[in-house]
Amino acid sequence: MINEQYFQEFPELKTSRLFLRKQELKDAASLQQLRSNEEVMKYMDSDKHNDLKTSEAFIDRNLRTYQKKKGFFWVITAGESGSFMGDIILHKIDRTNARAEVGYTLHPNYWGHGYMKEAMRAVISFGFHDLGLHSIEANINPANETSRALLLKMGFKKEAYFRENYYYNGKFLDSEIYSLLEKDFLKK
């Protein structure tokens, strides 16, 4: 079901305002700035990138994940200027069930302008129409109301609420899982 051709040549995605390209080591400084930002990381439930080495290692892991045919890691850039805005991923590709997980971060300078919705629409469309996915899930911190609102606008449905299923930073945290089926995306 999964169209393997996209693991031969990384898919670049364009929208009216954005260009999504492969994450590369040259993005480490911008990624470090993004993922060390308190506002951005508030609900990420993962360690901040306090130095460049952390971001370089993160990108290296992402590039290896792509080589293993298990995920896509895009940098979101402004279409005209090429300025770094954030990142978006489609990973944990489950070939048996034609399912993957989406994740995303955006620099606060770009919040509230519909950029992430635009990027997500491009990635979701790629996932369903090109890659051959049947469903896409998102796992969020239940306190992240902005992310929840975005997912609901995109047509995702709440699939599960897991109590204290994730251990991070010395405590157990809850998770909310949302999913979008291809047939529901096509209705939008």
# chains A, B, ... in the order shown; residues from 1 in each chain; ligands from 1
>>> select_by_dssp(residues="segment 95-137 of chain A", states="strand (DSSP E or B)", output="list in words")
Arg99, Ala100, Glu101, Val102, Gly103, Tyr104, Thr105, Leu106, Ser135, Ile136 and Glu137 of chain A
>>> write_last_selection(atoms="C-alpha atoms", output="short mmCIF file (atom, residue, chain, number, x, y, z; two decimals), in the first residue's frame")
data_model
loop_
_atom_site.label_atom_id
_atom_site.label_comp_id
_atom_site.auth_asym_id
_atom_site.auth_seq_id
_atom_site.Cartn_x
_atom_site.Cartn_y
_atom_site.Cartn_z
CA ARG A 99 -0.85 4.57 9.20
CA ALA A 100 1.62 7.26 10.31
CA GLU A 101 1.92 9.96 12.95
CA VAL A 102 2.16 13.69 12.29
CA GLY A 103 4.08 16.10 14.52
CA TYR A 104 4.88 19.79 14.16
CA THR A 105 6.50 22.91 15.64
CA LEU A 106 6.32 26.51 14.51
CA SER A 135 -4.98 7.09 8.50
CA ILE A 136 -2.81 9.66 10.22
CA GLU A 137 -2.60 10.11 13.97
#
>>> select_by_dssp(residues="segment 34-178 of chain A", states="helix (DSSP H, G or I)", output="ChimeraX atom specification")
/A:34,38-41,52-67,108-110,115-131,145-153
>>> write_last_selection(atoms="N, CA and C atoms", output="short mmCIF file (atom, residue, chain, number, x, y, z; two decimals), in the first residue's frame")
data_model
loop_
_atom_site.label_atom_id
_atom_site.label_comp_id
_atom_site.auth_asym_id
_atom_site.auth_seq_id
_atom_site.Cartn_x
_atom_site.Cartn_y
_atom_site.Cartn_z
N LEU A 34 14.54 27.26 17.62
CA LEU A 34 13.12 26.90 17.74
C LEU A 34 12.88 26.00 18.95
N GLU A 38 11.00 28.53 25.08
CA GLU A 38 10.09 28.10 26.15
C GLU A 38 8.65 27.93 25.66
N GLU A 39 8.16 28.89 24.87
CA GLU A 39 6.78 28.82 24.38
C GLU A 39 6.57 27.62 23.47
N VAL A 40 7.51 27.37 22.59
CA VAL A 40 7.40 26.26 21.64
C VAL A 40 7.42 24.92 22.38
N MET A 41 8.29 24.81 23.37
CA MET A 41 8.50 23.53 24.04
C MET A 41 7.55 23.27 25.22
N LEU A 52 23.80 23.44 19.99
CA LEU A 52 23.79 23.07 18.58
C LEU A 52 23.98 21.56 18.38
N LYS A 53 24.81 20.94 19.22
CA LYS A 53 25.06 19.50 19.09
C LYS A 53 23.77 18.69 19.23
N THR A 54 22.90 19.12 20.13
CA THR A 54 21.63 18.41 20.34
C THR A 54 20.79 18.46 19.07
N SER A 55 20.73 19.63 18.44
CA SER A 55 19.96 19.77 17.19
C SER A 55 20.60 18.99 16.05
N GLU A 56 21.91 18.98 15.99
CA GLU A 56 22.60 18.21 14.96
C GLU A 56 22.32 16.71 15.12
N ALA A 57 22.35 16.23 16.35
CA ALA A 57 22.06 14.82 16.62
C ALA A 57 20.61 14.49 16.27
N PHE A 58 19.69 15.40 16.58
CA PHE A 58 18.28 15.24 16.26
C PHE A 58 18.09 15.11 14.75
N ILE A 59 18.72 16.01 14.00
CA ILE A 59 18.62 15.97 12.54
C ILE A 59 19.24 14.69 11.99
N ASP A 60 20.38 14.29 12.54
CA ASP A 60 21.03 13.05 12.10
C ASP A 60 20.11 11.85 12.31
N ARG A 61 19.45 11.78 13.47
CA ARG A 61 18.48 10.69 13.73
C ARG A 61 17.34 10.73 12.73
N ASN A 62 16.86 11.93 12.42
CA ASN A 62 15.76 12.07 11.47
C ASN A 62 16.17 11.63 10.07
N LEU A 63 17.38 11.98 9.66
CA LEU A 63 17.87 11.57 8.35
C LEU A 63 18.01 10.04 8.27
N ARG A 64 18.46 9.43 9.36
CA ARG A 64 18.56 7.97 9.39
C ARG A 64 17.18 7.31 9.37
N THR A 65 16.22 7.94 10.03
CA THR A 65 14.85 7.42 10.01
C THR A 65 14.30 7.42 8.58
N TYR A 66 14.59 8.47 7.84
CA TYR A 66 14.17 8.52 6.43
C TYR A 66 14.88 7.42 5.63
N GLN A 67 16.19 7.25 5.86
CA GLN A 67 16.93 6.21 5.14
C GLN A 67 16.38 4.82 5.44
N PRO A 108 7.11 31.02 17.26
CA PRO A 108 6.03 31.93 17.71
C PRO A 108 5.82 33.16 16.82
N ASN A 109 6.85 33.60 16.12
CA ASN A 109 6.69 34.75 15.21
C ASN A 109 5.65 34.48 14.12
N TYR A 110 5.38 33.19 13.88
CA TYR A 110 4.48 32.82 12.79
C TYR A 110 3.14 32.27 13.28
N TYR A 115 -0.29 29.36 9.04
CA TYR A 115 0.82 28.66 8.38
C TYR A 115 0.83 27.16 8.69
N MET A 116 0.60 26.80 9.95
CA MET A 116 0.67 25.38 10.27
C MET A 116 -0.48 24.62 9.64
N LYS A 117 -1.65 25.23 9.58
CA LYS A 117 -2.78 24.58 8.90
C LYS A 117 -2.42 24.34 7.43
N GLU A 118 -1.78 25.32 6.81
CA GLU A 118 -1.38 25.20 5.41
C GLU A 118 -0.33 24.09 5.24
N ALA A 119 0.65 24.05 6.13
CA ALA A 119 1.68 23.01 6.07
C ALA A 119 1.07 21.63 6.31
N MET A 120 0.19 21.55 7.31
CA MET A 120 -0.44 20.26 7.61
C MET A 120 -1.28 19.76 6.44
N ARG A 121 -2.02 20.67 5.82
CA ARG A 121 -2.84 20.26 4.67
C ARG A 121 -1.95 19.65 3.58
N ALA A 122 -0.79 20.25 3.34
CA ALA A 122 0.13 19.73 2.32
C ALA A 122 0.67 18.36 2.71
N VAL A 123 1.07 18.21 3.98
CA VAL A 123 1.64 16.93 4.44
C VAL A 123 0.57 15.84 4.48
N ILE A 124 -0.60 16.17 4.94
CA ILE A 124 -1.69 15.19 4.99
C ILE A 124 -2.10 14.77 3.58
N SER A 125 -2.21 15.74 2.69
CA SER A 125 -2.54 15.42 1.29
C SER A 125 -1.49 14.49 0.69
N PHE A 126 -0.21 14.81 0.93
CA PHE A 126 0.87 13.93 0.47
C PHE A 126 0.71 12.53 1.07
N GLY A 127 0.45 12.47 2.38
CA GLY A 127 0.33 11.18 3.06
C GLY A 127 -0.76 10.31 2.48
N PHE A 128 -1.91 10.90 2.22
CA PHE A 128 -3.03 10.12 1.69
C PHE A 128 -2.94 9.90 0.19
N HIS A 129 -2.73 10.95 -0.57
CA HIS A 129 -2.83 10.86 -2.03
C HIS A 129 -1.58 10.31 -2.70
N ASP A 130 -0.41 10.57 -2.11
CA ASP A 130 0.83 10.13 -2.76
C ASP A 130 1.46 8.92 -2.06
N LEU A 131 1.60 9.01 -0.74
CA LEU A 131 2.27 7.93 0.00
C LEU A 131 1.39 6.69 0.13
N GLU A 145 -4.14 23.20 24.06
CA GLU A 145 -5.42 23.53 23.44
C GLU A 145 -5.27 24.04 22.01
N THR A 146 -4.19 24.73 21.72
CA THR A 146 -3.97 25.24 20.37
C THR A 146 -3.77 24.10 19.38
N SER A 147 -2.99 23.10 19.78
CA SER A 147 -2.77 21.95 18.91
C SER A 147 -4.06 21.17 18.71
N ARG A 148 -4.81 20.99 19.77
CA ARG A 148 -6.10 20.28 19.68
C ARG A 148 -7.02 21.01 18.69
N ALA A 149 -7.11 22.33 18.82
CA ALA A 149 -7.98 23.12 17.94
C ALA A 149 -7.55 22.96 16.48
N LEU A 150 -6.25 22.96 16.22
CA LEU A 150 -5.75 22.77 14.86
C LEU A 150 -6.16 21.40 14.32
N LEU A 151 -5.96 20.38 15.12
CA LEU A 151 -6.31 19.02 14.68
C LEU A 151 -7.80 18.92 14.37
N LEU A 152 -8.63 19.48 15.21
CA LEU A 152 -10.07 19.43 14.98
C LEU A 152 -10.45 20.19 13.71
N LYS A 153 -9.81 21.33 13.46
CA LYS A 153 -10.06 22.09 12.22
C LYS A 153 -9.69 21.27 10.99
#
>>> residues_around(residues="Met1 of chain A", least_positions_apart="5", cutoff="10 Å", atoms="only C-alpha atoms", output="PyMOL selection string")
chain A and resi 95-98+131-134
>>> residues_around(residues="Phe72 of chain A", least_positions_apart="4", cutoff="7 Å", atoms="only C-alpha atoms", output="list of chain:residue names")
A:Tyr66, A:Ile89, A:Leu90, A:His91
>>> closest_atom_pairs(of="segment 16-101 of chain A", to="segment 168-177 of chain A", cutoff="9 Å", atoms="only C-alpha atoms", output="tab-separated table")
residue	atom	partner	partner_atom	distance
A:Asp45	CA	A:Tyr168	CA	6.6
A:Ser46	CA	A:Tyr168	CA	7.3
A:Asp47	CA	A:Asn169	CA	8.6
>>> write_last_selection(atoms="N, CA and C atoms", output="mmCIF file, in the first residue's frame")
data_model
loop_
_atom_site.group_PDB
_atom_site.id
_atom_site.type_symbol
_atom_site.label_atom_id
_atom_site.label_comp_id
_atom_site.auth_asym_id
_atom_site.auth_seq_id
_atom_site.Cartn_x
_atom_site.Cartn_y
_atom_site.Cartn_z
ATOM 1 N N ASP A 45 6.860 17.909 25.786
ATOM 2 C CA ASP A 45 7.211 16.749 26.609
ATOM 3 C C ASP A 45 8.450 16.038 26.080
ATOM 4 N N SER A 46 9.416 16.849 25.688
ATOM 5 C CA SER A 46 10.725 16.345 25.276
ATOM 6 C C SER A 46 11.742 17.420 25.641
ATOM 7 N N ASP A 47 12.995 17.030 25.685
ATOM 8 C CA ASP A 47 14.042 17.949 26.120
ATOM 9 C C ASP A 47 14.265 19.072 25.117
#
>>> atom_distance(atom1="atom CA of Gly82 of chain A", atom2="atom CA of Pro11 of chain A")
16.9 Å
>>> residues_around(residues="Trp74 of chain A", least_positions_apart="3", cutoff="6 Å", atoms="only C-alpha atoms", output="ChimeraX atom specification")
/A:20-23,87-88
>>> closest_residue(among="A:Gly112, A:Asn144, A:Glu80, A:Ser179", to="Lys42 of chain A", atoms="only C-alpha atoms")
A:Asn144
>>> atom_distance(atom1="atom CA of Lys14 of chain A", atom2="atom CA of Ala138 of chain A")
22.1 Å
